[in-house]
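Data file: structure28.cif. Format and content: mmCIF, C-alpha atoms.
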```cif
data_input
#
loop_
_atom_site.label_atom_id
_atom_site.label_comp_id
_atom_site.auth_asym_id
_atom_site.auth_seq_id
_atom_site.Cartn_x
_atom_site.Cartn_y
_atom_site.Cartn_z
CA MET A 1117 11.99 -1.25 -10.66
CA ARG A 1118 10.65 1.99 -12.04
CA LYS A 1119 12.73 4.99 -11.01
CA TYR A 1120 10.52 7.44 -9.19
CA LEU A 1121 10.69 11.17 -9.65
CA LYS A 1122 12.67 13.26 -7.25
CA CYS A 1123 9.94 14.08 -4.74
CA VAL A 1124 9.13 10.42 -4.04
CA SER A 1125 11.57 7.96 -2.56
CA ILE A 1126 12.56 4.70 -4.25
CA ASP A 1127 10.50 2.50 -1.91
CA GLY A 1128 7.28 4.40 -2.53
CA ALA A 1129 7.22 6.40 0.70
CA ILE A 1130 6.68 10.11 0.54
CA ASP A 1131 10.01 11.92 0.42
CA THR A 1132 11.48 13.47 3.59
CA ASP A 1133 11.32 17.01 2.19
CA LEU A 1134 7.62 16.60 1.55
CA LEU A 1135 7.01 15.14 5.00
CA LYS A 1136 8.75 18.11 6.60
CA LYS A 1137 6.15 20.35 5.00
CA LEU A 1138 3.19 18.11 5.79
CA ASN A 1139 4.05 17.15 9.38
CA PRO A 1140 3.55 20.65 10.86
CA PHE A 1141 0.22 20.93 9.06
CA PHE A 1142 -1.18 17.65 10.38
CA ALA A 1143 0.47 18.05 13.80
CA GLN A 1144 -2.07 20.75 14.68
CA TYR A 1145 -4.79 18.08 14.74
CA LYS A 1146 -5.14 15.54 17.55
CA PRO A 1147 -4.09 11.90 16.93
CA LEU A 1148 -6.88 9.38 16.39
CA ASN A 1149 -6.33 5.73 17.30
CA TYR A 1150 -8.04 2.79 15.58
CA LYS A 1151 -8.04 -0.92 16.35
CA LYS A 1152 -7.12 -3.53 13.75
CA GLY A 1153 -10.12 -4.14 11.49
CA GLN A 1154 -11.80 -0.83 12.30
CA VAL A 1155 -13.17 0.93 9.21
CA ILE A 1156 -12.24 4.59 8.74
CA LEU A 1157 -14.14 5.18 5.49
CA ARG A 1158 -16.78 2.99 3.89
CA PRO A 1159 -18.82 3.22 0.67
CA GLU A 1160 -21.08 6.25 0.46
CA ASP A 1161 -19.34 7.99 3.37
CA LYS A 1162 -18.95 11.66 2.63
CA ILE A 1163 -15.28 12.61 2.28
CA GLU A 1164 -14.97 15.43 4.79
CA TYR A 1165 -11.39 14.85 5.99
CA ILE A 1166 -7.95 14.03 4.64
CA TYR A 1167 -5.99 11.56 6.80
CA PHE A 1168 -2.28 11.29 7.51
CA ILE A 1169 -0.95 7.91 8.67
CA GLU A 1170 1.30 8.46 11.68
CA LYS A 1171 1.64 4.83 12.84
CA GLY A 1172 0.47 1.47 11.54
CA TYR A 1173 -0.86 0.23 8.20
CA LEU A 1174 -4.10 0.87 6.33
CA LYS A 1175 -5.90 -1.34 3.79
CA PHE A 1176 -7.74 0.11 0.79
CA TYR A 1177 -10.17 -2.38 -0.75
CA TYR A 1178 -13.43 -3.09 -2.57
CA LEU A 1179 -16.14 -5.46 -1.37
CA SER A 1180 -18.30 -7.03 -4.08
CA PRO A 1181 -22.06 -7.59 -3.60
CA ASP A 1182 -21.37 -11.30 -2.98
CA GLY A 1183 -18.87 -10.45 -0.24
CA LYS A 1184 -15.62 -11.02 -2.16
CA GLU A 1185 -12.84 -8.68 -1.10
CA LEU A 1186 -10.32 -7.18 -3.50
CA THR A 1187 -7.44 -5.31 -1.85
CA PHE A 1188 -5.97 -2.55 -4.01
CA LEU A 1189 -3.23 -1.10 -1.82
CA ILE A 1190 -1.77 -1.16 1.68
CA TYR A 1191 -0.56 2.19 2.96
CA LYS A 1192 2.21 2.67 5.51
CA PRO A 1193 3.21 5.57 7.81
CA GLY A 1194 3.69 8.80 5.88
CA TYR A 1195 0.87 8.19 3.42
CA ILE A 1196 -2.15 10.42 3.00
CA PHE A 1197 -5.64 9.27 2.00
CA PRO A 1198 -7.99 9.50 0.19
CA LEU A 1199 -5.80 11.60 -2.12
CA LEU A 1200 -7.19 10.40 -5.45
CA PHE A 1201 -10.76 11.27 -4.56
CA THR A 1202 -9.65 14.68 -3.36
CA PHE A 1203 -7.99 15.45 -6.70
CA LEU A 1204 -11.03 14.14 -8.59
CA GLY A 1205 -13.34 16.21 -6.45
CA ASN A 1206 -15.41 13.18 -5.38
CA ALA A 1207 -17.72 13.79 -2.43
CA VAL A 1208 -18.09 10.08 -1.60
CA THR A 1209 -16.14 6.84 -2.15
CA ARG A 1210 -17.18 3.37 -3.31
CA TYR A 1211 -14.40 1.75 -1.32
CA TYR A 1212 -13.29 0.79 2.17
CA PHE A 1213 -10.33 2.18 4.10
CA GLU A 1214 -9.65 -0.06 7.09
CA ALA A 1215 -7.01 -0.39 9.79
CA TYR A 1216 -4.83 -3.31 8.71
CA THR A 1217 -2.95 -3.08 12.01
CA PRO A 1218 -3.52 -0.82 15.04
CA LEU A 1219 -3.45 2.62 13.49
CA THR A 1220 -2.77 6.22 14.50
CA LEU A 1221 -4.06 8.91 12.17
CA ARG A 1222 -4.30 12.66 12.10
CA ARG A 1223 -7.05 14.20 10.01
CA ALA A 1224 -7.58 17.65 8.56
CA PRO A 1225 -10.74 19.12 7.07
CA ARG A 1226 -10.75 18.48 3.35
CA GLU A 1227 -11.30 22.14 2.52
CA THR A 1228 -8.34 23.22 4.67
CA PHE A 1229 -6.05 20.64 3.07
CA THR A 1230 -7.21 21.64 -0.41
CA GLU A 1231 -6.42 25.27 0.34
CA LEU A 1232 -2.93 24.28 1.50
CA ILE A 1233 -1.98 22.36 -1.63
CA SER A 1234 -3.67 24.80 -4.02
CA THR A 1235 -1.36 27.56 -2.81
CA ASN A 1236 1.82 25.43 -2.79
CA THR A 1237 3.08 24.24 -6.17
CA PHE A 1238 5.64 21.87 -4.62
CA LEU A 1239 3.01 20.08 -2.54
CA MET A 1240 0.53 19.85 -5.39
CA PHE A 1241 3.14 18.44 -7.79
CA SER A 1242 4.56 15.98 -5.24
CA LEU A 1243 1.19 14.66 -4.12
CA SER A 1244 0.05 14.31 -7.73
CA GLN A 1245 3.11 12.13 -8.36
CA GLU A 1246 2.22 10.02 -5.34
CA VAL A 1247 -1.24 9.35 -6.77
CA VAL A 1248 0.21 8.41 -10.17
CA ILE A 1249 2.73 6.00 -8.59
CA ARG A 1250 0.09 4.20 -6.53
CA TRP A 1251 -2.14 3.72 -9.56
CA GLN A 1252 0.78 2.61 -11.69
CA GLU A 1253 1.24 -0.20 -9.17
CA LEU A 1254 -2.38 -1.20 -9.71
CA LEU A 1255 -1.92 -1.21 -13.49
CA ASN A 1256 1.18 -3.40 -13.13
CA ARG A 1257 -0.79 -5.88 -11.03
CA MET A 1258 -3.69 -5.92 -13.48
CA GLU A 1259 -1.27 -6.66 -16.32
CA LEU A 1260 0.28 -9.54 -14.41
CA LEU A 1261 -3.12 -10.95 -13.50
CA LYS A 1262 -3.90 -11.21 -17.21
CA LEU A 1263 -0.51 -12.53 -18.34
CA GLY A 1264 0.94 -14.43 -15.39
CA ASN A 1265 0.02 -17.66 -13.63
CA ALA A 1266 -0.93 -18.08 -9.97
CA PHE A 1267 2.68 -18.69 -8.91
CA GLN A 1268 3.90 -15.47 -10.58
CA ASN A 1269 0.98 -13.47 -9.21
CA VAL A 1270 1.74 -14.52 -5.63
CA ALA A 1271 5.47 -13.96 -6.13
CA TYR A 1272 4.80 -10.49 -7.50
CA ILE A 1273 2.82 -9.50 -4.39
CA ILE A 1274 5.50 -10.88 -2.07
CA GLY A 1275 8.11 -8.95 -4.00
CA LEU A 1276 6.01 -5.78 -3.92
CA CYS A 1277 5.50 -6.03 -0.15
CA ALA A 1278 9.18 -6.79 0.43
CA ASP A 1279 10.11 -3.79 -1.70
CA GLN A 1280 7.77 -1.42 0.15
CA PHE A 1281 7.62 -2.84 3.67
CA GLY A 1282 10.78 -4.94 3.93
CA THR A 1283 13.93 -4.77 6.02
CA LYS A 1284 17.01 -5.83 4.09
CA ILE A 1285 20.02 -7.49 5.72
CA GLY A 1286 22.53 -8.66 3.17
CA ASP A 1287 20.65 -10.64 0.52
CA GLU A 1288 17.73 -11.33 2.86
CA VAL A 1289 14.54 -9.23 3.09
CA THR A 1290 11.92 -9.63 5.84
CA ILE A 1291 8.50 -8.11 5.26
CA ASP A 1292 7.67 -5.99 8.32
CA LEU A 1293 3.97 -6.53 7.77
CA PRO A 1294 1.89 -9.46 9.08
CA LEU A 1295 0.85 -10.75 5.65
CA ALA A 1296 -1.61 -13.66 5.89
CA HIS A 1297 -2.42 -15.94 2.96
CA LYS A 1298 -5.97 -14.57 2.84
CA ASP A 1299 -4.55 -11.04 2.47
CA ILE A 1300 -2.37 -12.09 -0.46
CA ALA A 1301 -5.39 -13.84 -2.00
CA SER A 1302 -7.37 -10.62 -1.73
CA MET A 1303 -4.63 -8.74 -3.58
CA VAL A 1304 -4.41 -11.11 -6.55
CA GLY A 1305 -7.96 -12.42 -6.87
CA LEU A 1306 -7.10 -16.01 -5.94
CA THR A 1307 -8.48 -18.30 -3.27
CA ARG A 1308 -6.65 -18.61 0.04
CA GLU A 1309 -6.09 -22.31 -0.70
CA THR A 1310 -4.39 -21.53 -4.02
CA VAL A 1311 -2.15 -18.94 -2.38
CA SER A 1312 -1.18 -21.46 0.31
CA LEU A 1313 -0.19 -23.97 -2.36
CA GLU A 1314 1.94 -21.44 -4.25
CA MET A 1315 3.58 -20.27 -1.02
CA LYS A 1316 4.41 -23.88 -0.19
CA LYS A 1317 6.11 -24.22 -3.59
CA MET A 1318 8.26 -21.19 -2.79
CA GLU A 1319 9.21 -22.66 0.56
CA GLN A 1320 10.19 -25.92 -1.16
CA LEU A 1321 12.29 -23.96 -3.66
CA GLY A 1322 14.10 -22.42 -0.69
CA VAL A 1323 13.31 -18.81 -1.65
CA ILE A 1324 11.07 -17.84 1.30
CA ALA A 1325 10.74 -18.71 4.97
CA TYR A 1326 8.74 -17.50 7.97
CA LYS A 1327 10.19 -15.56 10.90
CA ARG A 1328 7.77 -14.80 13.72
CA ASN A 1329 4.86 -15.09 11.25
CA ASN A 1330 6.50 -12.62 8.86
CA ILE A 1331 7.57 -13.68 5.38
CA THR A 1332 11.29 -13.55 4.63
CA ILE A 1333 12.88 -13.72 1.19
CA LYS A 1334 16.00 -15.74 1.95
CA ASP A 1335 18.03 -14.65 -1.06
CA ILE A 1336 16.92 -11.79 -3.29
CA ASN A 1337 18.65 -12.92 -6.47
CA LEU A 1338 17.52 -16.51 -6.05
CA PHE A 1339 13.94 -15.35 -5.44
CA LYS A 1340 13.94 -13.25 -8.61
CA ARG A 1341 15.36 -16.07 -10.72
CA LYS A 1342 13.17 -18.84 -9.35
CA THR A 1343 9.94 -16.83 -9.57
CA ASN A 1344 10.72 -15.20 -12.92
CA ILE A 1345 10.06 -11.65 -11.70
CA ALA A 1346 13.67 -10.54 -12.16
CA ASN A 1347 12.76 -7.29 -13.91
CA ASN A 1348 10.24 -6.03 -11.36
CA TYR A 1349 12.36 -5.18 -8.28
CA ASP A 1350 15.78 -3.89 -7.35
CA PHE A 1351 15.28 -4.16 -3.55
CA THR A 1352 17.54 -1.14 -3.08
#
```
Could the structure of this file be written out as structure tokens, please?
Amino acid sequence: MRKYLKCVSIDGAIDTDLLKKLNPFFAQYKPLNYKKGQVILRPEDKIEYIYFIEKGYLKFYYLSPDGKELTFLIYKPGYIFPLLFTFLGNAVTRYYFEAYTPLTLRRAPRETFTELISTNTFLMFSLSQEVVIRWQELLNRMELLKLGNAFQNVAYIIGLCADQFGTKIGDEVTIDLPLAHKDIASMVGLTRETVSLEMKKMEQLGVIAYKRNNITIKDINLFKRKTNIANNYDFT
């Protein structure tokens, strides 16, 4: 796994020191609750606010003209969006930001947030790193999509989700995110049926199982060996 810079933790979450500075800022704004599937931002919406995820998970995706969904990232508590478009100065987005689970957000006016980070070098540097890390993940996935097969693509996403959203007990990691086959398919550009077949292969290999509808990697080292993604994750 790539070793992140000091201001960002190893699992991709924003570092505690950064959160200590951001929490008081966003705490002045009232919490907003969204139901699963509710869209927060959609294409052509004007970006007037910056959102802080307090509880739940958010999906960032693109919807093609023929209705095909491509999920780029899933954000967890502690993330801020849409950061990239704020740094680029975009007034609108081409993408969707949707509640993947029930979601609690706090939002600040974009201008107010921009003033905050423009006068704080630490925040600007740290948040810039966060943007780079998220897009590096996308580049890694694009590379694998070109070079890997369906089995490796699905294994990569399971490993990525376990690394970012997993709870580790011994050699076992359970993904604390309700990850359906159609969601994995959306992340790797495969059909749901293909993902189901590849997941079945992993079950037969004895590297994954299901616990209360959540995916569990039964043995980290075995999973890495059997799926040939040994160099991608440390699961630390």
Carefully work through the PyMOL selection byres ((chain A and resi 1287) around 8) for this structure and note down the residues it includes, as a ChimeraX atom specification. /A:1284-1286,1288-1289,1334-1337
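Of the listed residues (A:Lys1184, A:Glu1164, A:Tyr1191, A:Tyr1177), A:Glu1164 comes nearest to Thr1230 (chain A); the distances count only C-alpha atoms.
For the set A:Glu1246, A:Glu1170, A:Glu1319, A:Glu1227, the residue with the smallest atom-to-atom gap to Ala1207 (chain A) is A:Glu1227, counting all atoms listed in the file.
In this comparison, which uses only C-alpha atoms, the residue of A:Tyr1212, A:Lys1137, A:Tyr1173, A:Gly1322 approaching Met1240 (chain A) most closely is A:Lys1137.
Among the candidates A:Leu1338, A:Leu1219, A:Met1303, A:Leu1239, the one nearest to Leu1321 (chain A) when counting all atoms listed in the file is A:Leu1338.
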Given the file shown, determine the residues that the PyMOL selection byres ((chain A and resi 1152) around 12) selects; report them as JSON, numbers by chain. {"A": [1149, 1150, 1151, 1153, 1154, 1155, 1156, 1172, 1173, 1174, 1175, 1213, 1214, 1215, 1216, 1217, 1218, 1219, 1220, 1294]}
Polymer residues at most 12 Å from Lys1316 (chain A), only C-alpha atoms, same-chain spacing of 4 or more positions, as an MDAnalysis selection string: chainID A and resid 1267 1270:1271 1297 1309:1312 1320:1326
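Interatomic distance, CA of Cys1277 (chain A) against CA of Ala1224 (chain A): 28.4 Å.
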Using all atoms listed in the file, which of A:Phe1142, A:Tyr1211, A:Phe1281, A:Tyr1178 sits nearest Leu1157 (chain A)? A:Tyr1211
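Of the residues listed (A:Arg1250, A:Asp1161, A:Tyr1167, A:Ile1233), A:Asp1161 shows the shortest atom-to-atom separation from Val1208 (chain A); distances use all atoms listed in the file.
Picture a line from CA of Arg1341 (chain A) to CA of Leu1313 (chain A); it runs 19.3 Å.
CA of Lys1192 (chain A) is positioned 22.0 Å from CA of Phe1238 (chain A).
Around region 1144-1146 of chain A, within 9 Å and counting only C-alpha atoms, the residues found are Asn1139, Leu1221, Arg1222, Arg1223 and Ala1224 of chain A, once anything fewer than 5 positions away on its own chain is removed.
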